[in-house]
>>> print(open('start.txt').read())   # compact mmCIF, C-alpha atoms
# COMPACT_ATOMS: atom_id res chain seq x y z
CA MET A 1 30.01 -10.69 4.36
CA LYS A 2 29.43 -8.45 7.36
CA PRO A 3 28.00 -4.92 7.22
CA SER A 4 31.42 -3.46 8.09
CA SER A 5 32.88 -5.11 4.97
CA ARG A 6 30.04 -3.63 2.94
CA LEU A 7 30.83 -0.13 4.20
CA TYR A 8 34.54 -0.67 3.57
CA ALA A 9 33.88 -1.71 -0.01
CA ILE A 10 31.80 1.41 -0.65
CA VAL A 11 34.27 3.80 0.96
CA THR A 12 37.35 2.41 -0.71
CA ALA A 13 35.90 2.04 -4.18
CA ASP A 14 37.82 4.40 -6.42
CA GLY A 15 35.11 6.91 -6.96
CA ALA A 16 33.13 4.73 -9.34
CA TRP A 17 29.44 4.19 -8.64
CA ALA A 18 29.58 1.02 -10.68
CA ASN A 19 32.00 -0.45 -8.22
CA VAL A 20 29.68 0.34 -5.36
CA SER A 21 26.72 -1.19 -7.18
CA GLU A 22 28.70 -4.28 -8.04
CA SER A 23 29.76 -4.67 -4.47
CA ARG A 24 26.12 -4.43 -3.45
CA ILE A 25 25.11 -7.01 -6.01
CA ASP A 26 27.91 -9.28 -4.84
CA LEU A 27 26.79 -8.78 -1.29
CA GLU A 28 23.20 -9.69 -2.09
CA GLN A 29 24.33 -12.76 -4.01
CA THR A 30 26.58 -13.76 -1.14
CA ASP A 31 23.74 -13.23 1.30
CA SER A 32 21.31 -15.22 -0.79
CA GLU A 33 23.82 -18.04 -1.24
CA ALA A 34 24.55 -18.02 2.49
CA ASP A 35 20.81 -17.89 3.13
CA ARG A 36 20.18 -20.87 0.89
CA GLN A 37 22.79 -22.93 2.71
CA ASP A 38 21.60 -21.88 6.15
CA ILE A 39 17.94 -22.49 5.29
CA ALA A 40 18.79 -25.97 4.03
CA GLY A 41 20.83 -26.57 7.19
CA SER A 42 18.01 -25.31 9.40
CA LEU A 43 15.50 -27.58 7.70
CA ALA A 44 17.88 -30.47 8.28
CA GLY A 45 17.86 -29.66 12.00
CA ASP A 46 21.11 -27.69 12.26
CA GLY A 47 20.53 -25.16 15.05
CA GLU A 48 23.74 -23.29 14.26
CA ALA A 49 22.56 -22.67 10.70
CA TYR A 50 19.38 -21.06 11.96
CA ALA A 51 21.34 -19.05 14.54
CA ARG A 52 23.38 -17.62 11.66
CA LEU A 53 20.20 -16.65 9.80
CA VAL A 54 18.85 -14.95 12.93
CA GLN A 55 22.10 -13.06 13.46
CA ARG A 56 22.13 -11.94 9.84
CA TYR A 57 18.62 -10.47 9.91
CA GLN A 58 17.75 -9.71 13.53
CA ASP A 59 18.67 -6.03 13.40
CA ARG A 60 16.75 -5.38 10.19
CA VAL A 61 13.56 -7.02 11.37
CA ALA A 62 13.97 -5.64 14.89
CA ALA A 63 13.76 -2.17 13.37
CA GLN A 64 10.47 -3.16 11.76
CA MET A 65 9.13 -4.70 14.99
CA TRP A 66 9.87 -1.44 16.82
CA ARG A 67 6.87 -0.05 14.91
CA PHE A 68 4.59 -2.46 16.74
CA THR A 69 5.61 -1.59 20.30
CA ARG A 70 7.61 1.03 22.18
CA ASP A 71 8.34 -1.31 25.08
CA PRO A 72 11.89 -2.72 24.78
CA VAL A 73 10.98 -5.91 26.66
CA VAL A 74 7.92 -6.59 24.49
CA HIS A 75 9.95 -5.64 21.43
CA GLU A 76 12.61 -8.24 22.15
CA GLN A 77 9.93 -10.83 22.81
CA LEU A 78 8.21 -10.00 19.52
CA VAL A 79 11.46 -10.35 17.59
CA GLN A 80 12.03 -13.70 19.24
CA ASP A 81 8.46 -14.82 18.46
CA LEU A 82 8.94 -13.74 14.89
CA PHE A 83 12.02 -15.92 14.41
CA VAL A 84 10.37 -18.86 16.13
CA GLU A 85 7.34 -18.49 13.84
CA ALA A 86 9.62 -18.07 10.84
CA PHE A 87 11.37 -21.33 11.70
CA MET A 88 8.04 -23.13 11.99
CA SER A 89 7.05 -21.82 8.55
CA LEU A 90 10.47 -22.23 6.95
CA LYS A 91 9.32 -25.17 4.82
CA GLY A 92 6.93 -22.74 3.13
CA PHE A 93 9.74 -20.46 1.97
CA ARG A 94 10.06 -21.08 -1.76
CA GLY A 95 13.07 -18.87 -2.39
CA ARG A 96 11.38 -16.90 -5.18
CA ALA A 97 12.00 -13.61 -3.34
CA PRO A 98 14.84 -12.68 -0.99
CA PHE A 99 14.62 -14.21 2.46
CA LEU A 100 14.34 -10.74 4.02
CA HIS A 101 11.13 -10.01 2.09
CA TRP A 102 9.63 -13.23 3.40
CA LEU A 103 10.79 -12.42 6.93
CA ARG A 104 9.17 -8.98 6.72
CA ARG A 105 5.84 -10.59 5.88
CA VAL A 106 6.16 -12.88 8.89
CA ALA A 107 7.12 -9.86 11.02
CA THR A 108 4.03 -7.96 9.87
CA ARG A 109 1.84 -10.94 10.71
CA VAL A 110 3.37 -11.32 14.20
CA GLY A 111 3.10 -7.60 14.95
CA TYR A 112 -0.44 -7.31 13.66
CA ARG A 113 -1.52 -10.31 15.71
CA TYR A 114 0.08 -8.71 18.78
CA TRP A 115 -1.95 -5.54 18.26
CA LYS A 116 -5.18 -7.45 17.83
CA SER A 117 -4.65 -9.67 20.87
CA ARG A 118 -3.47 -6.95 23.19
CA ALA A 119 -5.93 -5.56 25.69
CA LEU A 120 -5.91 -1.81 25.18
CA ASP A 121 -4.91 0.25 28.14
CA ARG A 122 -6.84 3.31 27.02
CA GLU A 123 -6.16 5.41 30.09
CA ARG A 124 -2.41 5.10 29.74
CA GLU A 125 -2.59 5.82 26.04
CA GLU A 126 -4.65 8.96 26.62
CA VAL A 127 -2.13 10.32 29.10
CA LEU A 128 0.83 9.59 26.86
CA THR A 129 -0.87 11.03 23.82
CA GLU A 130 -1.84 14.20 25.61
CA ALA A 131 1.70 14.61 26.89
CA ALA A 132 3.15 14.01 23.47
CA LEU A 133 0.67 16.25 21.68
CA ASN A 134 1.37 19.13 24.03
CA ARG A 135 5.01 19.07 22.99
CA ALA A 136 4.35 18.70 19.28
CA ALA A 137 4.49 22.27 18.05
CA VAL A 138 6.36 21.49 14.84
CA PRO A 139 8.09 18.24 13.90
CA GLU A 140 11.45 19.99 13.52
CA ASP A 141 11.43 20.72 17.24
CA LEU A 142 11.20 17.03 18.06
CA THR A 143 14.04 14.54 18.22
CA PRO A 144 13.55 11.51 15.93
CA SER A 145 12.71 9.44 18.97
CA GLU A 146 10.07 11.94 20.14
CA ALA A 147 8.64 12.14 16.64
CA ALA A 148 8.45 8.34 16.47
CA GLU A 149 6.81 8.22 19.89
CA LEU A 150 4.21 10.79 18.87
CA LEU A 151 3.44 9.09 15.57
CA PHE A 152 3.19 5.74 17.33
CA ARG A 153 0.74 7.14 19.90
CA LEU A 154 -1.36 8.78 17.22
CA LEU A 155 -1.61 5.59 15.17
CA GLU A 156 -2.31 3.61 18.31
CA LYS A 157 -5.70 5.31 18.51
CA LEU A 158 -6.86 3.66 15.30
CA PRO A 159 -8.19 0.14 14.76
CA PRO A 160 -5.48 -2.46 13.97
CA SER A 161 -6.14 -2.62 10.21
CA ASP A 162 -5.97 1.18 9.82
CA ARG A 163 -2.99 1.30 12.11
CA LEU A 164 -1.13 -1.33 10.10
CA VAL A 165 -1.63 0.31 6.75
CA LEU A 166 -0.55 3.70 8.12
CA THR A 167 2.39 2.26 10.03
CA LEU A 168 3.71 0.66 6.86
CA PHE A 169 2.99 3.84 4.89
CA TYR A 170 4.40 6.43 7.29
CA PHE A 171 6.90 4.56 9.44
CA GLU A 172 8.24 2.08 6.92
CA ASP A 173 7.80 4.35 3.89
CA CYS A 174 6.22 1.50 1.90
CA ASP A 175 4.35 2.04 -1.36
CA LEU A 176 1.06 0.28 -2.16
CA GLY A 177 2.77 -2.79 -3.62
CA GLU A 178 5.03 -3.22 -0.62
CA ILE A 179 2.15 -2.78 1.84
CA SER A 180 0.16 -5.32 -0.14
CA ALA A 181 3.04 -7.82 -0.04
CA ARG A 182 3.77 -7.39 3.64
CA ALA A 183 0.19 -7.36 4.89
CA GLY A 184 -1.09 -10.02 2.51
CA TRP A 185 -3.90 -7.74 1.27
CA THR A 186 -4.78 -6.96 -2.34
CA ARG A 187 -3.60 -3.64 -3.79
CA THR A 188 -7.18 -2.45 -4.09
CA LEU A 189 -7.88 -3.24 -0.46
CA VAL A 190 -4.68 -1.45 0.58
CA LYS A 191 -5.66 1.58 -1.46
CA VAL A 192 -9.12 1.75 0.11
CA ARG A 193 -7.84 1.15 3.63
CA LEU A 194 -5.08 3.72 3.24
CA HIS A 195 -7.52 6.34 2.01
CA ARG A 196 -9.96 5.73 4.85
CA ALA A 197 -7.25 5.46 7.49
CA ARG A 198 -5.66 8.75 6.43
CA LYS A 199 -9.04 10.43 6.66
CA LYS A 200 -9.51 9.10 10.18
CA LEU A 201 -6.03 10.21 11.17
CA LYS A 202 -6.60 13.65 9.70
CA ALA A 203 -9.81 13.95 11.74
CA LEU A 204 -7.88 12.88 14.81
CA LEU A 205 -5.27 15.56 14.22
CA ASP A 206 -7.93 18.18 13.58
CA GLU A 207 -9.62 17.22 16.82
CA ALA A 208 -6.32 17.52 18.69
CA GLY A 209 -5.60 20.85 17.04
CA ILE A 210 -2.45 19.63 15.33
CA GLY A 211 -1.45 20.92 11.95
CA ARG A 212 -3.72 23.95 12.01
CA ALA A 213 -2.41 27.32 11.05
CA MET B 214 1.43 24.43 9.52
CA ALA B 215 -1.87 24.44 7.65
CA ASP B 216 -2.27 20.84 6.54
CA PRO B 217 -2.40 17.97 9.05
CA LEU B 218 -1.29 15.51 6.35
CA LYS B 219 1.76 17.65 5.62
CA PHE B 220 2.46 17.66 9.34
CA LEU B 221 2.24 13.85 9.26
CA ASP B 222 4.65 13.63 6.34
CA GLU B 223 7.19 15.73 8.19
CA LEU B 224 6.62 13.91 11.45
CA SER B 225 7.05 10.51 9.83
CA ALA B 226 10.17 11.60 7.94
CA ARG B 227 11.67 12.63 11.27
CA ALA B 228 10.40 9.47 13.03
CA ARG B 229 12.09 7.25 10.44
CA ARG B 230 15.44 8.65 11.51
CA GLU B 231 15.08 7.12 14.94
CA ALA B 232 17.62 4.42 15.72
CA PRO B 233 15.62 1.41 16.89
CA PRO B 234 16.97 -0.70 19.76
CA ARG B 235 19.31 -3.47 18.74
CA VAL B 236 18.69 -7.02 19.82
CA ASP B 237 20.73 -10.18 20.00
CA ILE B 238 18.33 -13.06 20.35
CA SER B 239 19.85 -15.76 18.14
CA ARG B 240 20.86 -17.98 21.13
CA ARG B 241 17.49 -17.56 22.79
CA VAL B 242 15.64 -18.44 19.59
CA VAL B 243 17.68 -21.61 19.11
CA LEU B 244 17.21 -22.60 22.76
CA LYS B 245 13.49 -21.99 22.52
CA LEU B 246 13.24 -24.02 19.35
CA GLN B 247 15.23 -26.85 20.94
CA GLY B 248 12.85 -26.72 23.92
CA GLU B 249 9.88 -27.07 21.62
CA VAL B 250 11.24 -30.12 19.85
CA PRO B 251 9.51 -33.17 21.39
CA THR B 252 11.74 -35.05 23.86
CA PRO B 253 12.72 -38.61 22.92
CA VAL B 254 10.07 -41.15 23.96
CA TRP B 255 12.46 -44.10 24.37
CA PRO B 256 12.61 -44.23 28.21
CA MET B 257 8.83 -44.08 28.55
CA ALA B 258 8.33 -46.51 25.68
CA LEU B 259 10.77 -48.98 27.27
CA ILE B 260 9.01 -48.85 30.65
CA ALA B 261 5.59 -49.23 29.03
CA THR B 262 6.70 -52.20 26.91
CA SER B 263 8.29 -53.94 29.91
CA ALA B 264 5.13 -53.43 31.94
CA ALA B 265 2.98 -54.79 29.13
CA VAL B 266 5.14 -57.90 28.70
CA GLY B 267 5.18 -58.50 32.47
CA ALA B 268 1.42 -58.16 32.65
CA ALA B 269 0.96 -60.63 29.79
CA VAL B 270 3.17 -63.24 31.50
CA VAL B 271 1.31 -62.86 34.82
CA VAL B 272 -2.06 -63.20 33.10
CA SER B 273 -1.00 -66.25 31.10
CA LEU B 274 0.26 -67.97 34.27
CA SER B 275 -2.72 -67.07 36.39
CA ILE B 276 -5.42 -68.22 33.98
CA PRO B 277 -4.94 -72.02 34.66
CA LEU B 278 -4.88 -71.35 38.39
CA ILE B 279 -8.09 -69.32 38.22
CA GLU B 280 -9.72 -72.04 36.14
CA LEU B 281 -8.71 -74.62 38.70
CA LEU B 282 -10.06 -72.57 41.58
CA THR B 283 -13.31 -71.73 39.93
CA ASP B 284 -14.10 -75.20 38.47
CA PRO B 285 -16.77 -76.79 40.79
CA LEU B 286 -15.99 -80.33 39.61
CA SER B 287 -12.31 -80.13 40.37
CA VAL B 288 -12.91 -81.13 44.03
CA PHE B 289 -14.55 -84.39 42.92
CA PHE B 290 -11.71 -85.15 40.56
CA VAL B 291 -9.20 -84.60 43.36
CA MET B 292 -11.23 -86.79 45.73
CA ALA B 293 -11.59 -89.50 43.10
CA VAL B 294 -7.88 -89.49 42.48
CA ASN B 295 -7.13 -89.67 46.19
CA SER B 296 -9.62 -92.54 46.73
CA LEU B 297 -7.97 -94.76 44.17
CA PRO B 298 -6.18 -97.74 45.69
>>> encode(input="start.txt", output="structure tokens")
Amino acid sequence: MKPSSRLYAIVTADGAWANVSESRIDLEQTDSEADRQDIAGSLAGDGEAYARLVQRYQDRVAAQMWRFTRDPVVHEQLVQDLFVEAFMSLKGFRGRAPFLHWLRRVATRVGYRYWKSRALDREREEVLTEAALNRAAVPEDLTPSEAAELLFRLLEKLPPSDRLVLTLFYFEDCDLGEISARAGWTRTLVKVRLHRARKKLKALLDEAGIGRA
Amino acid sequence: MADPLKFLDELSARARREAPPRVDISRRVVLKLQGEVPTPVWPMALIATSAAVGAAVVVSLSIPLIELLTDPLSVFFVMAVNSLP
């Protein structure tokens, strides 16, 4: 079932929340059934089956990969790398959780690896951060895209592990359990890293004069 | 705004409303995966097998000739045969 059908079902339901929920449950079941068939097809070497899986999830994971870069060309390449890596690891998918959850873990791994391998262009980052910070009087004055750019540049100043935990926390709105699942870290480690990373970020903001009265 | 962390909460809430770029990479992924699948080895295997068989035949035929050429007594045997009435 396509997203447009999902919206149609919600809009035309006769005012009953139950109907909407049921349609969502049906949708998830349909997706998971379709996923199961396409995963089996992909493992059997059916390229079309994997193309269907990519089409079904590319927008959702592309949104997540946008947290790892602001360059559209790199972004597209990262999404592609993610699906190639997912295919290579597809045998390891046990089907205990929805396919999207598994994909998000792969996406986190690919993005995190990109951060760690990338040579930092500090000079460029400084310029962009300064420019962004100068415009950041209050978040309400920023467009969502400007706010995302500023947050991205701020987090970019931190080491990859701090940056990942804060990206998942602030950008993806994940709780401790979700961060733990996506990053493959224990809950305790996530808690410690989140605490330390927020302290570092707060110091960074203080230094830049952001958030002061 | 007095608290930097409150500023971050508001900034991130706004940032989450950004519409990320859409991608359509399903064809490219499949093409890339097809490119990474190892190409069939039959043509190379066929050429290698033919070459190996050919080499074996040449060696098996040339061994008696080499033995004949390198045997020092073979000249006497030829002469003895020729000298027979």
>>> interface_residues(input="start.txt", of="chain B", to="chain A", cutoff="6 Å", atoms="only C-alpha atoms", output="compact mmCIF listing (two decimals) with C-alpha atoms, in the frame of the given file")
# COMPACT_ATOMS: atom_id res chain seq x y z
CA MET B 214 1.43 24.43 9.52
CA ALA B 215 -1.87 24.44 7.65
CA ASP B 216 -2.27 20.84 6.54
CA PRO B 217 -2.40 17.97 9.05
CA PHE B 220 2.46 17.66 9.34
CA LEU B 224 6.62 13.91 11.45
CA SER B 225 7.05 10.51 9.83
CA ARG B 227 11.67 12.63 11.27
CA ALA B 228 10.40 9.47 13.03
CA ARG B 229 12.09 7.25 10.44
CA ARG B 230 15.44 8.65 11.51
CA GLU B 231 15.08 7.12 14.94
CA PRO B 233 15.62 1.41 16.89
CA ARG B 235 19.31 -3.47 18.74
CA SER B 239 19.85 -15.76 18.14
CA VAL B 242 15.64 -18.44 19.59
>>> atom_distance(input="start.txt", atom1="CA of Ile39 in chain A", atom2="CA of Arg109 in chain A")
20.5 Å
>>> atom_distance(input="start.txt", atom1="CA of Ala97 in chain A", atom2="CA of Val74 in chain A")
29.0 Å
